[in-house]
file run.tsv (TSV, C-alpha atoms)
chain	number	residue	atom	x	y	z
A	1	MET	CA	0.00	0.00	0.00
A	2	SER	CA	1.51	3.34	-1.05
A	3	THR	CA	0.99	6.63	0.69
A	4	ALA	CA	1.22	9.99	-0.96
A	5	SER	CA	4.24	11.94	0.18
A	6	THR	CA	3.57	15.23	1.91
A	7	PRO	CA	5.71	18.12	0.65
A	8	PRO	CA	7.98	19.53	3.34
A	9	ALA	CA	6.66	22.59	5.09
A	10	LEU	CA	8.36	25.88	4.28
A	11	PRO	CA	10.62	27.19	7.05
A	12	GLN	CA	8.85	29.66	9.29
A	13	PRO	CA	10.05	33.27	9.11
A	14	PRO	CA	11.16	35.08	12.27
A	15	PRO	CA	8.39	36.45	14.57
A	16	THR	CA	8.96	40.07	13.45
A	17	ILE	CA	8.38	39.00	9.84
A	18	ARG	CA	5.28	36.97	10.68
A	19	ALA	CA	3.84	39.97	12.53
A	20	ASN	CA	4.38	42.11	9.43
A	21	GLN	CA	2.97	39.71	6.83
A	22	HIS	CA	-0.33	41.59	6.83
A	23	ILE	CA	1.32	43.87	4.22
A	24	TYR	CA	0.74	41.12	1.64
A	25	SER	CA	-2.98	41.84	1.58
A	26	ASP	CA	-3.58	45.13	3.42
A	27	TYR	CA	-4.40	47.09	0.28
A	28	PHE	CA	-3.73	44.95	-2.79
A	29	GLU	CA	-6.91	44.35	-4.81
A	30	GLU	CA	-6.69	42.22	-7.93
A	31	ASP	CA	-10.18	43.42	-8.94
A	32	PHE	CA	-8.90	47.00	-8.83
A	33	VAL	CA	-5.96	46.18	-11.14
A	34	HIS	CA	-8.10	44.15	-13.53
A	35	THR	CA	-10.85	46.78	-13.81
A	36	LEU	CA	-8.35	49.64	-14.07
A	37	ASP	CA	-6.52	47.87	-16.88
A	38	ASN	CA	-9.72	47.09	-18.79
A	39	ASN	CA	-11.06	50.63	-18.56
A	40	ILE	CA	-8.00	52.86	-18.74
A	41	LEU	CA	-4.56	51.36	-19.03
A	42	GLN	CA	-5.17	49.20	-22.09
A	43	LEU	CA	-6.33	52.24	-24.06
A	44	LEU	CA	-3.47	54.47	-22.90
A	45	ASP	CA	-0.97	51.75	-23.66
A	46	ARG	CA	-2.47	50.86	-27.04
A	47	VAL	CA	-2.45	54.45	-28.29
A	48	TRP	CA	-0.15	56.65	-26.20
A	49	PHE	CA	2.66	54.48	-24.81
A	50	ARG	CA	2.57	51.55	-27.29
A	51	SER	CA	4.70	49.48	-24.95
A	52	ARG	CA	6.70	46.40	-25.93
A	53	LEU	CA	8.09	43.56	-23.85
A	54	VAL	CA	11.35	42.33	-25.38
A	55	GLY	CA	12.77	39.01	-24.23
A	56	PHE	CA	9.88	38.15	-21.91
A	57	GLU	CA	8.61	35.28	-24.06
A	58	ASN	CA	10.07	32.76	-21.61
A	59	PHE	CA	9.16	34.52	-18.43
A	60	PRO	CA	11.79	33.98	-15.69
A	61	GLU	CA	11.02	31.32	-13.12
A	62	ARG	CA	12.31	31.25	-9.58
A	63	ASN	CA	15.70	29.65	-9.09
A	64	ASN	CA	14.78	29.20	-5.42
A	65	PRO	CA	11.13	28.10	-5.28
A	66	GLU	CA	10.79	29.33	-1.70
A	67	ARG	CA	11.82	32.91	-2.46
A	68	PRO	CA	10.62	35.48	-5.00
A	69	LEU	CA	12.83	36.70	-7.80
A	70	ILE	CA	13.95	40.31	-7.49
A	71	PHE	CA	13.10	42.18	-10.70
A	72	ALA	CA	15.04	45.45	-11.02
A	73	SER	CA	14.81	48.28	-13.54
A	74	ASN	CA	16.11	51.75	-14.19
A	75	HIS	CA	13.90	54.73	-13.45
A	76	SER	CA	12.75	57.40	-15.88
A	77	GLY	CA	14.25	60.64	-14.67
A	78	MET	CA	12.08	63.67	-13.93
A	79	ALA	CA	8.84	61.93	-14.87
A	80	PHE	CA	5.74	60.77	-13.04
A	81	PRO	CA	6.20	56.96	-12.73
A	82	TRP	CA	4.14	55.95	-15.77
A	83	ASP	CA	7.01	53.62	-16.68
A	84	ALA	CA	6.23	51.37	-13.72
A	85	ILE	CA	2.46	51.57	-14.31
A	86	VAL	CA	2.76	50.59	-17.97
A	87	ALA	CA	5.32	47.82	-17.36
A	88	LEU	CA	3.25	46.12	-14.67
A	89	ALA	CA	-0.01	46.52	-16.58
A	90	HIS	CA	1.53	44.98	-19.70
A	91	MET	CA	2.86	42.02	-17.70
A	92	TRP	CA	-0.49	41.69	-15.92
A	93	ARG	CA	-2.40	41.19	-19.15
A	94	THR	CA	0.13	38.97	-20.91
A	95	LEU	CA	1.50	36.61	-18.26
A	96	PRO	CA	-0.05	33.14	-18.42
A	97	ALA	CA	0.29	32.72	-14.64
A	98	GLN	CA	-0.17	35.59	-12.23
A	99	GLN	CA	2.31	34.05	-9.78
A	100	GLY	CA	5.17	35.27	-11.93
A	101	LEU	CA	3.95	38.87	-11.80
A	102	PRO	CA	6.26	41.05	-9.70
A	103	ARG	CA	4.83	43.25	-6.95
A	104	PRO	CA	6.71	46.53	-6.49
A	105	LEU	CA	8.48	47.95	-3.52
A	106	SER	CA	7.86	51.66	-3.99
A	107	ALA	CA	9.19	54.86	-2.44
A	108	PRO	CA	7.03	55.69	0.62
A	109	LEU	CA	6.67	59.26	-0.71
A	110	LEU	CA	4.33	57.93	-3.38
A	111	SER	CA	1.75	56.79	-0.84
A	112	GLN	CA	2.18	59.31	1.99
A	113	SER	CA	-0.15	61.81	0.34
A	114	THR	CA	-3.04	61.51	-2.11
A	115	LEU	CA	-1.34	64.13	-4.30
A	116	MET	CA	1.23	61.62	-5.54
A	117	ASN	CA	-1.45	59.15	-6.65
A	118	PRO	CA	-2.48	59.57	-10.32
A	119	PHE	CA	-5.15	62.27	-10.46
A	120	GLN	CA	-5.68	61.74	-6.72
A	121	VAL	CA	-7.14	58.25	-6.90
A	122	LYS	CA	-6.73	57.41	-3.23
A	123	ASP	CA	-4.39	54.49	-2.37
A	124	PHE	CA	-3.82	53.89	-6.08
A	125	TRP	CA	-0.30	52.53	-5.67
A	126	LYS	CA	-1.12	50.20	-2.80
A	127	LYS	CA	-4.30	48.86	-4.39
A	128	CYS	CA	-2.18	48.02	-7.43
A	129	GLY	CA	0.09	45.93	-5.20
A	130	CYS	CA	2.84	48.36	-4.19
A	131	VAL	CA	4.42	48.00	-0.76
A	132	ASP	CA	6.34	50.81	0.95
A	133	ALA	CA	10.06	50.21	0.55
A	134	THR	CA	11.18	49.96	4.16
A	135	THR	CA	13.81	47.60	5.55
A	136	LEU	CA	11.22	45.48	7.37
A	137	ASN	CA	8.86	45.38	4.39
A	138	PHE	CA	11.64	44.30	2.03
A	139	GLU	CA	12.61	41.44	4.32
A	140	THR	CA	8.95	40.49	4.78
A	141	MET	CA	8.34	40.36	1.03
A	142	MET	CA	11.21	37.90	0.66
A	143	TYR	CA	8.91	35.32	2.29
A	144	TYR	CA	6.02	36.09	-0.08
A	145	GLN	CA	4.90	33.11	-2.14
A	146	ASP	CA	2.12	34.47	-4.38
A	147	HIS	CA	4.16	36.79	-6.62
A	148	ASN	CA	7.69	37.87	-7.37
A	149	LEU	CA	9.14	41.20	-6.29
A	150	MET	CA	10.06	44.32	-8.24
A	151	LEU	CA	12.03	47.38	-7.28
A	152	TYR	CA	13.76	50.37	-8.78
A	153	PRO	CA	17.07	50.15	-6.91
A	154	GLU	CA	18.11	53.71	-7.81
A	155	GLY	CA	15.37	54.91	-5.45
A	156	VAL	CA	14.25	58.55	-5.43
A	157	PRO	CA	17.60	59.72	-6.91
A	158	GLY	CA	16.67	57.65	-9.97
A	159	ILE	CA	13.47	59.54	-10.68
A	160	GLY	CA	15.07	62.81	-9.56
A	161	LYS	CA	17.95	62.72	-12.05
A	162	GLY	CA	17.88	65.34	-14.74
A	163	PHE	CA	17.72	64.80	-18.48
A	164	ASN	CA	21.48	65.39	-18.63
A	165	LYS	CA	21.85	62.04	-16.79
A	166	LYS	CA	19.40	60.08	-18.92
A	167	TYR	CA	20.06	56.34	-18.98
A	168	GLU	CA	22.78	56.74	-16.33
A	169	LEU	CA	22.11	54.31	-13.51
A	170	GLN	CA	22.52	56.03	-10.17
A	171	ARG	CA	24.00	54.25	-7.15
A	172	LEU	CA	21.99	51.10	-6.44
A	173	ALA	CA	20.59	50.33	-3.03
A	174	SER	CA	22.78	47.67	-1.43
A	175	SER	CA	19.68	46.10	0.13
A	176	MET	CA	18.89	44.45	-3.21
A	177	VAL	CA	22.22	42.63	-3.21
A	178	ARG	CA	22.00	41.86	0.49
A	179	HIS	CA	18.62	40.15	0.17
A	180	SER	CA	19.63	38.31	-2.98
A	181	ILE	CA	22.62	36.83	-1.14
A	182	ALA	CA	20.78	36.12	2.11
A	183	HIS	CA	17.94	34.29	0.34
A	184	ARG	CA	19.93	32.93	-2.62
A	185	THR	CA	17.49	34.28	-5.16
A	186	ASP	CA	18.36	35.83	-8.51
A	187	VAL	CA	18.16	39.47	-9.55
A	188	VAL	CA	16.37	39.78	-12.90
A	189	PRO	CA	17.10	43.16	-14.50
A	190	PHE	CA	14.95	44.69	-17.19
A	191	TYR	CA	15.57	48.01	-18.87
A	192	THR	CA	13.02	50.75	-19.46
A	193	ILE	CA	13.88	52.34	-22.79
A	194	ASN	CA	12.43	55.68	-23.94
A	195	GLY	CA	11.09	56.38	-20.46
A	196	GLU	CA	13.52	59.29	-20.27
A	197	TYR	CA	11.37	60.98	-22.92
A	198	LEU	CA	8.16	60.93	-20.88
A	199	ASN	CA	9.26	64.37	-19.67
A	200	PRO	CA	12.31	65.37	-21.72
A	201	TYR	CA	14.67	68.30	-21.15
A	202	ALA	CA	13.76	68.59	-17.49
A	203	TYR	CA	16.60	69.08	-15.07
A	204	SER	CA	17.26	68.60	-11.39
A	205	TRP	CA	18.64	70.71	-8.59
A	206	GLU	CA	19.35	68.83	-5.35
A	207	TRP	CA	18.53	71.77	-3.05
A	208	LEU	CA	15.14	72.18	-4.73
A	209	ASN	CA	14.39	68.46	-4.51
A	210	ASN	CA	15.29	68.47	-0.81
A	211	LEU	CA	12.71	71.22	-0.27
A	212	SER	CA	10.02	69.47	-2.33
A	213	LYS	CA	10.42	66.23	-0.35
A	214	LYS	CA	9.24	68.10	2.74
A	215	ILE	CA	5.82	68.47	1.12
A	216	GLY	CA	5.71	64.92	-0.21
A	217	ILE	CA	6.89	65.58	-3.78
A	218	PRO	CA	10.07	63.60	-4.53
A	219	PHE	CA	11.40	66.10	-7.08
A	220	ILE	CA	10.47	69.23	-9.02
A	221	PRO	CA	11.48	69.07	-12.69
A	222	LEU	CA	12.61	72.36	-14.15
A	223	GLY	CA	11.98	72.32	-17.87
A	224	PRO	CA	9.41	73.09	-20.57
A	225	ILE	CA	6.52	71.63	-18.57
A	226	VAL	CA	6.92	73.78	-15.41
A	227	LEU	CA	4.87	76.75	-16.61
A	228	LEU	CA	2.18	74.42	-17.95
A	229	VAL	CA	1.90	72.76	-14.52
A	230	LEU	CA	1.02	76.14	-12.97
A	231	LEU	CA	-1.48	77.03	-15.67
A	232	GLN	CA	-3.00	73.56	-16.08
A	233	PRO	CA	-2.59	71.40	-12.95
A	234	TRP	CA	-3.49	68.19	-14.82
A	235	SER	CA	-0.08	68.39	-16.52
A	236	PHE	CA	1.55	67.54	-13.15
A	237	TYR	CA	0.69	63.93	-14.00
A	238	MET	CA	1.07	64.01	-17.77
A	239	ALA	CA	3.57	62.18	-19.96
A	240	TYR	CA	4.76	62.71	-23.50
A	241	PRO	CA	3.91	59.84	-25.89
A	242	ALA	CA	7.20	57.95	-25.65
A	243	GLN	CA	7.02	54.38	-26.91
A	244	LEU	CA	8.01	52.45	-23.79
A	245	THR	CA	10.12	49.38	-24.43
A	246	PHE	CA	10.99	46.96	-21.62
A	247	VAL	CA	14.00	44.78	-22.39
A	248	LEU	CA	14.72	41.73	-20.24
A	249	GLY	CA	18.34	41.47	-19.15
A	250	SER	CA	20.54	38.59	-18.01
A	251	ARG	CA	20.05	37.11	-14.56
A	252	ILE	CA	22.49	38.29	-11.92
A	253	ARG	CA	23.46	36.04	-9.02
A	254	PRO	CA	25.17	38.19	-6.39
A	255	TYR	CA	25.53	35.17	-4.10
A	256	GLU	CA	27.96	33.73	-6.68
A	257	MET	CA	29.98	36.96	-6.81
A	258	THR	CA	31.55	36.48	-3.37
A	259	ASP	CA	33.14	33.69	-1.36
A	260	LYS	CA	32.02	35.19	1.95
A	261	THR	CA	28.97	34.18	3.92
A	262	PRO	CA	26.31	36.82	4.64
A	263	ALA	CA	27.61	37.06	8.22
A	264	GLU	CA	31.12	37.85	6.96
A	265	LEU	CA	30.11	40.53	4.46
A	266	THR	CA	30.64	44.13	5.57
A	267	ARG	CA	28.86	47.30	4.47
A	268	GLU	CA	31.82	48.03	2.21
A	269	ASP	CA	31.54	44.56	0.66
A	270	TYR	CA	27.86	45.11	-0.15
A	271	THR	CA	28.61	48.53	-1.60
A	272	ALA	CA	31.30	47.04	-3.84
A	273	LEU	CA	29.02	44.20	-4.97
A	274	SER	CA	26.22	46.68	-5.71
A	275	GLU	CA	28.60	48.65	-7.88
A	276	GLN	CA	29.51	45.49	-9.82
A	277	VAL	CA	25.79	44.84	-10.37
A	278	ARG	CA	25.28	48.46	-11.44
A	279	GLN	CA	28.08	48.22	-14.00
A	280	ARG	CA	26.67	45.00	-15.47
A	281	MET	CA	23.23	46.54	-15.73
A	282	GLN	CA	24.63	49.75	-17.24
A	283	THR	CA	26.42	47.79	-19.98
A	284	GLU	CA	23.26	45.88	-20.90
A	285	MET	CA	21.12	49.01	-20.76
A	286	ASP	CA	23.50	50.91	-23.07
A	287	ALA	CA	23.10	48.11	-25.64
A	288	ALA	CA	19.30	48.19	-25.27
A	289	VAL	CA	19.24	51.98	-25.74
A	290	ALA	CA	21.35	51.65	-28.91
A	291	LYS	CA	18.90	49.10	-30.32
A	292	TYR	CA	15.50	50.40	-29.16
A	293	GLY	CA	15.98	53.99	-28.05
A	294	GLN	CA	16.82	55.91	-31.20
A	295	GLN	CA	13.25	56.92	-32.09
A	296	PRO	CA	11.53	57.50	-28.74
A	297	TYR	CA	8.24	58.89	-30.08
A	298	ARG	CA	7.58	57.31	-33.48
A	299	TRP	CA	5.14	60.05	-34.39
A	300	ARG	CA	3.81	58.36	-37.52
A	301	GLU	CA	2.90	55.24	-35.57
A	302	LEU	CA	1.28	57.39	-32.87
A	303	TRP	CA	-0.87	59.14	-35.44
A	304	GLN	CA	-1.85	55.79	-36.92
A	305	ARG	CA	-2.89	54.46	-33.50
A	306	MET	CA	-4.98	57.59	-32.91
A	307	LYS	CA	-6.80	57.11	-36.20
A	308	GLU	CA	-7.43	53.45	-35.43
A	309	ASN	CA	-8.92	54.40	-32.05
A	310	TRP	CA	-10.67	57.62	-33.04
A	311	ARG	CA	-13.96	56.52	-31.45
A	312	TYR	CA	-12.29	56.75	-28.03
A	313	PHE	CA	-11.27	60.39	-28.56
A	314	PRO	CA	-10.27	62.31	-26.41
A	315	PHE	CA	-9.55	59.73	-23.71
A	316	PHE	CA	-6.18	58.62	-25.06
A	317	LEU	CA	-4.91	62.22	-24.75
A	318	PRO	CA	-3.44	63.38	-21.38
A	319	VAL	CA	-5.85	66.31	-21.21
A	320	ALA	CA	-8.73	63.83	-20.76
A	321	TRP	CA	-7.02	61.62	-18.18
A	322	PRO	CA	-8.26	63.58	-15.13
A	323	ALA	CA	-11.90	62.85	-16.00
A	324	LEU	CA	-11.05	59.24	-16.86
A	325	PHE	CA	-9.37	58.49	-13.54
A	326	GLN	CA	-11.91	60.46	-11.50
A	327	GLU	CA	-14.80	58.56	-13.10
A	328	PHE	CA	-13.06	55.26	-12.49
A	329	GLU	CA	-12.65	56.09	-8.81
A	330	ARG	CA	-16.29	57.21	-8.56
A	331	GLN	CA	-17.57	53.92	-9.91
A	332	TYR	CA	-15.09	51.58	-8.21
A	333	VAL	CA	-14.68	53.23	-4.80
A	334	ARG	CA	-17.75	55.34	-4.15
A	335	HIS	CA	-20.29	53.10	-5.89
A	336	GLY	CA	-18.49	49.84	-5.13
A	337	ARG	CA	-18.86	48.51	-8.67
A	338	ARG	CA	-16.60	45.72	-9.92
A	339	ASN	CA	-15.67	44.52	-13.40
A	340	PHE	CA	-17.64	47.35	-15.01
A	341	LYS	CA	-16.96	48.80	-18.43
A	342	MET	CA	-16.96	52.55	-18.99
A	343	GLN	CA	-18.53	53.50	-22.29
A	344	LEU	CA	-15.73	55.66	-23.65
A	345	ASP	CA	-17.00	55.54	-27.23
A	346	LYS	CA	-20.41	57.06	-26.45
A	347	PRO	CA	-21.06	60.66	-27.61
A	348	GLY	CA	-20.61	63.15	-24.79
A	349	ALA	CA	-18.83	60.64	-22.50
A	350	TRP	CA	-16.19	63.17	-21.41
A	351	LEU	CA	-18.79	65.82	-20.54
A	352	ARG	CA	-20.80	63.30	-18.50
A	353	MET	CA	-17.68	62.34	-16.58
A	354	VAL	CA	-16.96	65.97	-15.72
A	355	TRP	CA	-20.60	66.48	-14.71
A	356	ASN	CA	-20.44	63.45	-12.41
A	357	ASN	CA	-17.06	64.49	-11.03
A	358	PRO	CA	-17.01	68.28	-10.71
A	359	PHE	CA	-13.69	68.18	-8.88
A	360	THR	CA	-12.18	67.41	-12.31
A	361	LEU	CA	-12.56	71.08	-13.21
A	362	ALA	CA	-9.89	72.01	-10.64
A	363	PHE	CA	-7.29	70.36	-12.87
A	364	PHE	CA	-8.03	72.97	-15.57
A	365	ILE	CA	-8.12	76.17	-13.50
A	366	PRO	CA	-4.87	78.16	-13.86
A	367	ILE	CA	-2.94	78.61	-10.57
A	368	LEU	CA	-6.04	78.77	-8.32
A	369	GLY	CA	-6.93	75.19	-9.25
A	370	TRP	CA	-3.99	74.09	-7.13
A	371	ILE	CA	-5.78	75.22	-3.94
A	372	PRO	CA	-8.52	72.53	-3.93
A	373	ILE	CA	-6.05	70.01	-5.37
A	374	ALA	CA	-3.59	70.66	-2.52
A	375	ILE	CA	-6.32	70.57	0.13
A	376	ARG	CA	-7.58	67.22	-1.10
A	377	GLY	CA	-4.10	65.93	-1.87
A	378	TYR	CA	-2.75	66.52	1.64
A	379	ARG	CA	-5.84	65.67	3.68
A	380	GLY	CA	-4.85	62.94	6.12
A	381	HIS	CA	-1.30	62.82	4.75
A	382	ARG	CA	1.48	60.94	6.50
A	383	ILE	CA	4.39	63.05	5.32
A	384	GLY	CA	7.19	63.05	7.84
A	385	LYS	CA	5.70	60.13	9.76
A	386	LYS	CA	7.37	56.76	9.99
A	387	VAL	CA	5.82	54.07	7.79
call {"tool": "encode", "arguments": {"input": "run.tsv", "output": "structure tokens"}}
result
Amino acid sequence: MSTASTPPALPQPPPTIRANQHIYSDYFEEDFVHTLDNNILQLLDRVWFRSRLVGFENFPERNNPERPLIFASNHSGMAFPWDAIVALAHMWRTLPAQQGLPRPLSAPLLSQSTLMNPFQVKDFWKKCGCVDATTLNFETMMYYQDHNLMLYPEGVPGIGKGFNKKYELQRLASSMVRHSIAHRTDVVPFYTINGEYLNPYAYSWEWLNNLSKKIGIPFIPLGPIVLLVLLQPWSFYMAYPAQLTFVLGSRIRPYEMTDKTPAELTREDYTALSEQVRQRMQTEMDAAVAKYGQQPYRWRELWQRMKENWRYFPFFLPVAWPALFQEFERQYVRHGRRNFKMQLDKPGAWLRMVWNNPFTLAFFIPILGWIPIAIRGYRGHRIGKKV
């Protein structure tokens, strides 16, 4: 008589990690992501961003089944993080198994105020699966079984770099290497190409960014868009129509790059290993830019996509995004609807959205529109508080 073998139980994480595992499900709502993608992100991607996944045909599988892979990408400097939104949405709709989908560790500044959520959709980042990038949260997510993990290891300096530093990887957080070594899981880099052109010719001043962080804005880009932001607040969230291309890189195994055990590695060792990883990623990214980054906008293709989707006008244009996101929040959050479909091709759809969401008008009022936006954006904020 044969008996079925019982798979060995996974090792239990330390008590501090177990106490923090509520972060796996505190905010994340798969219905939110699915409905958002069906109603908004698919259209924006199809027409405006026209994203491509290169090399993802054989999606990476875990080398250590008990630990998530660590996906890592470069940030788009001086731009609202549409690069991350588009990358994750594209993977969401194309992956055959959701377990492979990476969940992001994101800068806490993105969730500490409603202002930094796209068009003030409350808890947008966290409902989409983001987790605040703290030391404890990073360690806790290394025990997560349902998805992989994604981070932008340049951190805030990555999105705060000026256009003069485009495609230059900033110093990488050593925590990525430390966790890869401690848990013997691979780092899977992918490179965001053309993201630097979401807000081109914008530059950074460190003293100004240090001031803006005090009010929950990670950076203030000084460039062609600054005056427009004052006159038309919706442009705070806008992006130029760069064709985003995400190129999968070669796996990196930091635990094979040293003979020392984690207990023997010093801060200086981790810094040196992180620099080796940065250099490898920089070399691969330079090659990806040379191949896919020479025509960031592809205006003719953009025009063709607009003509093909003319019945959805004006919703694929950034000027209509405030009404689109506000209407989505009204139906999903305030009315509690799920798996609905907004009728974007109906005559007068934009006007009805504005009528149903009068706050949308604030995004179009020069200068004074920022008053209600700031009041709503900072209500109940957690800026300056520990997360």
call {"tool": "residues_around", "arguments": {"input": "run.tsv", "residues": "range 312-324 of chain A", "least_positions_apart": "2", "cutoff": "7 Å", "atoms": "only C-alpha atoms", "output": "VMD selection string"}}
result
chain A and resid 43 to 44 47 to 48 119 234 238 309 to 310 326 to 328 344 to 345 350 353 to 354 360
call {"tool": "residues_around", "arguments": {"input": "run.tsv", "residues": "Val156 in chain A", "least_positions_apart": "2", "cutoff": "10 Å", "atoms": "only C-alpha atoms", "output": "VMD selection string"}}
result
chain A and resid 75 77 106 to 109 152 to 154 158 to 161 170 209 213 218 to 219
call {"tool": "atom_distance", "arguments": {"input": "run.tsv", "atom1": "CA of Arg178 in chain A", "atom2": "CA of Tyr143 in chain A"}}
result
14.7 Å
call {"tool": "atom_distance", "arguments": {"input": "run.tsv", "atom1": "CA of Ala89 in chain A", "atom2": "CA of Ile217 in chain A"}}
result
24.0 Å
call {"tool": "closest_residue", "arguments": {"input": "run.tsv", "among": "A:Phe236, A:Ile17, A:Leu95, A:Met342", "to": "Gln120 in chain A", "atoms": "all atoms listed in the file"}}
result
A:Phe236
call {"tool": "residues_around", "arguments": {"input": "run.tsv", "residues": "Asp132 in chain A", "least_positions_apart": "3", "cutoff": "10 Å", "atoms": "only C-alpha atoms", "output": "list in words"}}
result
Ile23, Pro104, Leu105, Ser106, Ala107, Pro108, Leu109, Leu110, Ser111, Gln112, Trp125, Lys126, Thr135, Leu136, Asn137, Phe138 and Val387 of chain A
call {"tool": "write_last_selection", "arguments": {"input": "run.tsv", "atoms": "C-alpha atoms", "output": "compact mmCIF listing (two decimals), in the coordinates of the input"}}
result
# COMPACT_ATOMS: atom_id res chain seq x y z
CA ILE A 23 1.32 43.87 4.22
CA PRO A 104 6.71 46.53 -6.49
CA LEU A 105 8.48 47.95 -3.52
CA SER A 106 7.86 51.66 -3.99
CA ALA A 107 9.19 54.86 -2.44
CA PRO A 108 7.03 55.69 0.62
CA LEU A 109 6.67 59.26 -0.71
CA LEU A 110 4.33 57.93 -3.38
CA SER A 111 1.75 56.79 -0.84
CA GLN A 112 2.18 59.31 1.99
CA TRP A 125 -0.30 52.53 -5.67
CA LYS A 126 -1.12 50.20 -2.80
CA THR A 135 13.81 47.60 5.55
CA LEU A 136 11.22 45.48 7.37
CA ASN A 137 8.86 45.38 4.39
CA PHE A 138 11.64 44.30 2.03
CA VAL A 387 5.82 54.07 7.79
call {"tool": "closest_residue", "arguments": {"input": "run.tsv", "among": "A:Pro241, A:Gly216, A:Pro221, A:Pro13", "to": "Asp45 in chain A", "atoms": "only C-alpha atoms"}}
result
A:Pro241
call {"tool": "atom_distance", "arguments": {"input": "run.tsv", "atom1": "CA of Thr245 in chain A", "atom2": "CA of Thr192 in chain A"}}
result
5.9 Å
call {"tool": "residues_around", "arguments": {"input": "run.tsv", "residues": "Ala239 in chain A", "least_positions_apart": "3", "cutoff": "9 Å", "atoms": "all atoms listed in the file", "output": "CSV table (one decimal) with C-alpha atoms, keeping the file's coordinate frame"}}
result
chain,number,residue,atom,x,y,z
A,79,ALA,CA,8.8,61.9,-14.9
A,80,PHE,CA,5.7,60.8,-13.0
A,82,TRP,CA,4.1,56.0,-15.8
A,197,TYR,CA,11.4,61.0,-22.9
A,198,LEU,CA,8.2,60.9,-20.9
A,199,ASN,CA,9.3,64.4,-19.7
A,235,SER,CA,-0.1,68.4,-16.5
A,236,PHE,CA,1.6,67.5,-13.2
A,242,ALA,CA,7.2,58.0,-25.6
A,318,PRO,CA,-3.4,63.4,-21.4
call {"tool": "residues_around", "arguments": {"input": "run.tsv", "residues": "Pro65 in chain A", "least_positions_apart": "6", "cutoff": "12 Å", "atoms": "only C-alpha atoms", "output": "PyMOL selection string"}}
result
chain A and resi 10+99-100+142-148+183-186
call {"tool": "closest_residue", "arguments": {"input": "run.tsv", "among": "A:Phe246, A:Phe340, A:Phe49, A:Tyr332", "to": "Phe190 in chain A", "atoms": "all atoms listed in the file"}}
result
A:Phe246
call {"tool": "closest_residue", "arguments": {"input": "run.tsv", "among": "A:Gln243, A:Thr271, A:Asn339, A:Tyr191", "to": "Val54 in chain A", "atoms": "only C-alpha atoms"}}
result
A:Tyr191
call {"tool": "closest_residue", "arguments": {"input": "run.tsv", "among": "A:Arg46, A:Leu230, A:Ile85, A:Asn210", "to": "Gln304 in chain A", "atoms": "only C-alpha atoms"}}
result
A:Arg46
call {"tool": "closest_residue", "arguments": {"input": "run.tsv", "among": "A:Ala288, A:Ser113, A:Pro262, A:Gln232", "to": "Lys214 in chain A", "atoms": "all atoms listed in the file"}}
result
A:Ser113
call {"tool": "residues_near_point", "arguments": {"input": "run.tsv", "point": "(-4.0, 69.1, -0.7)", "cutoff": "12 Å", "atoms": "only C-alpha atoms", "output": "PyMOL selection string"}}
result
chain A and resi 112-117+119-120+215-217+362+369-381+383
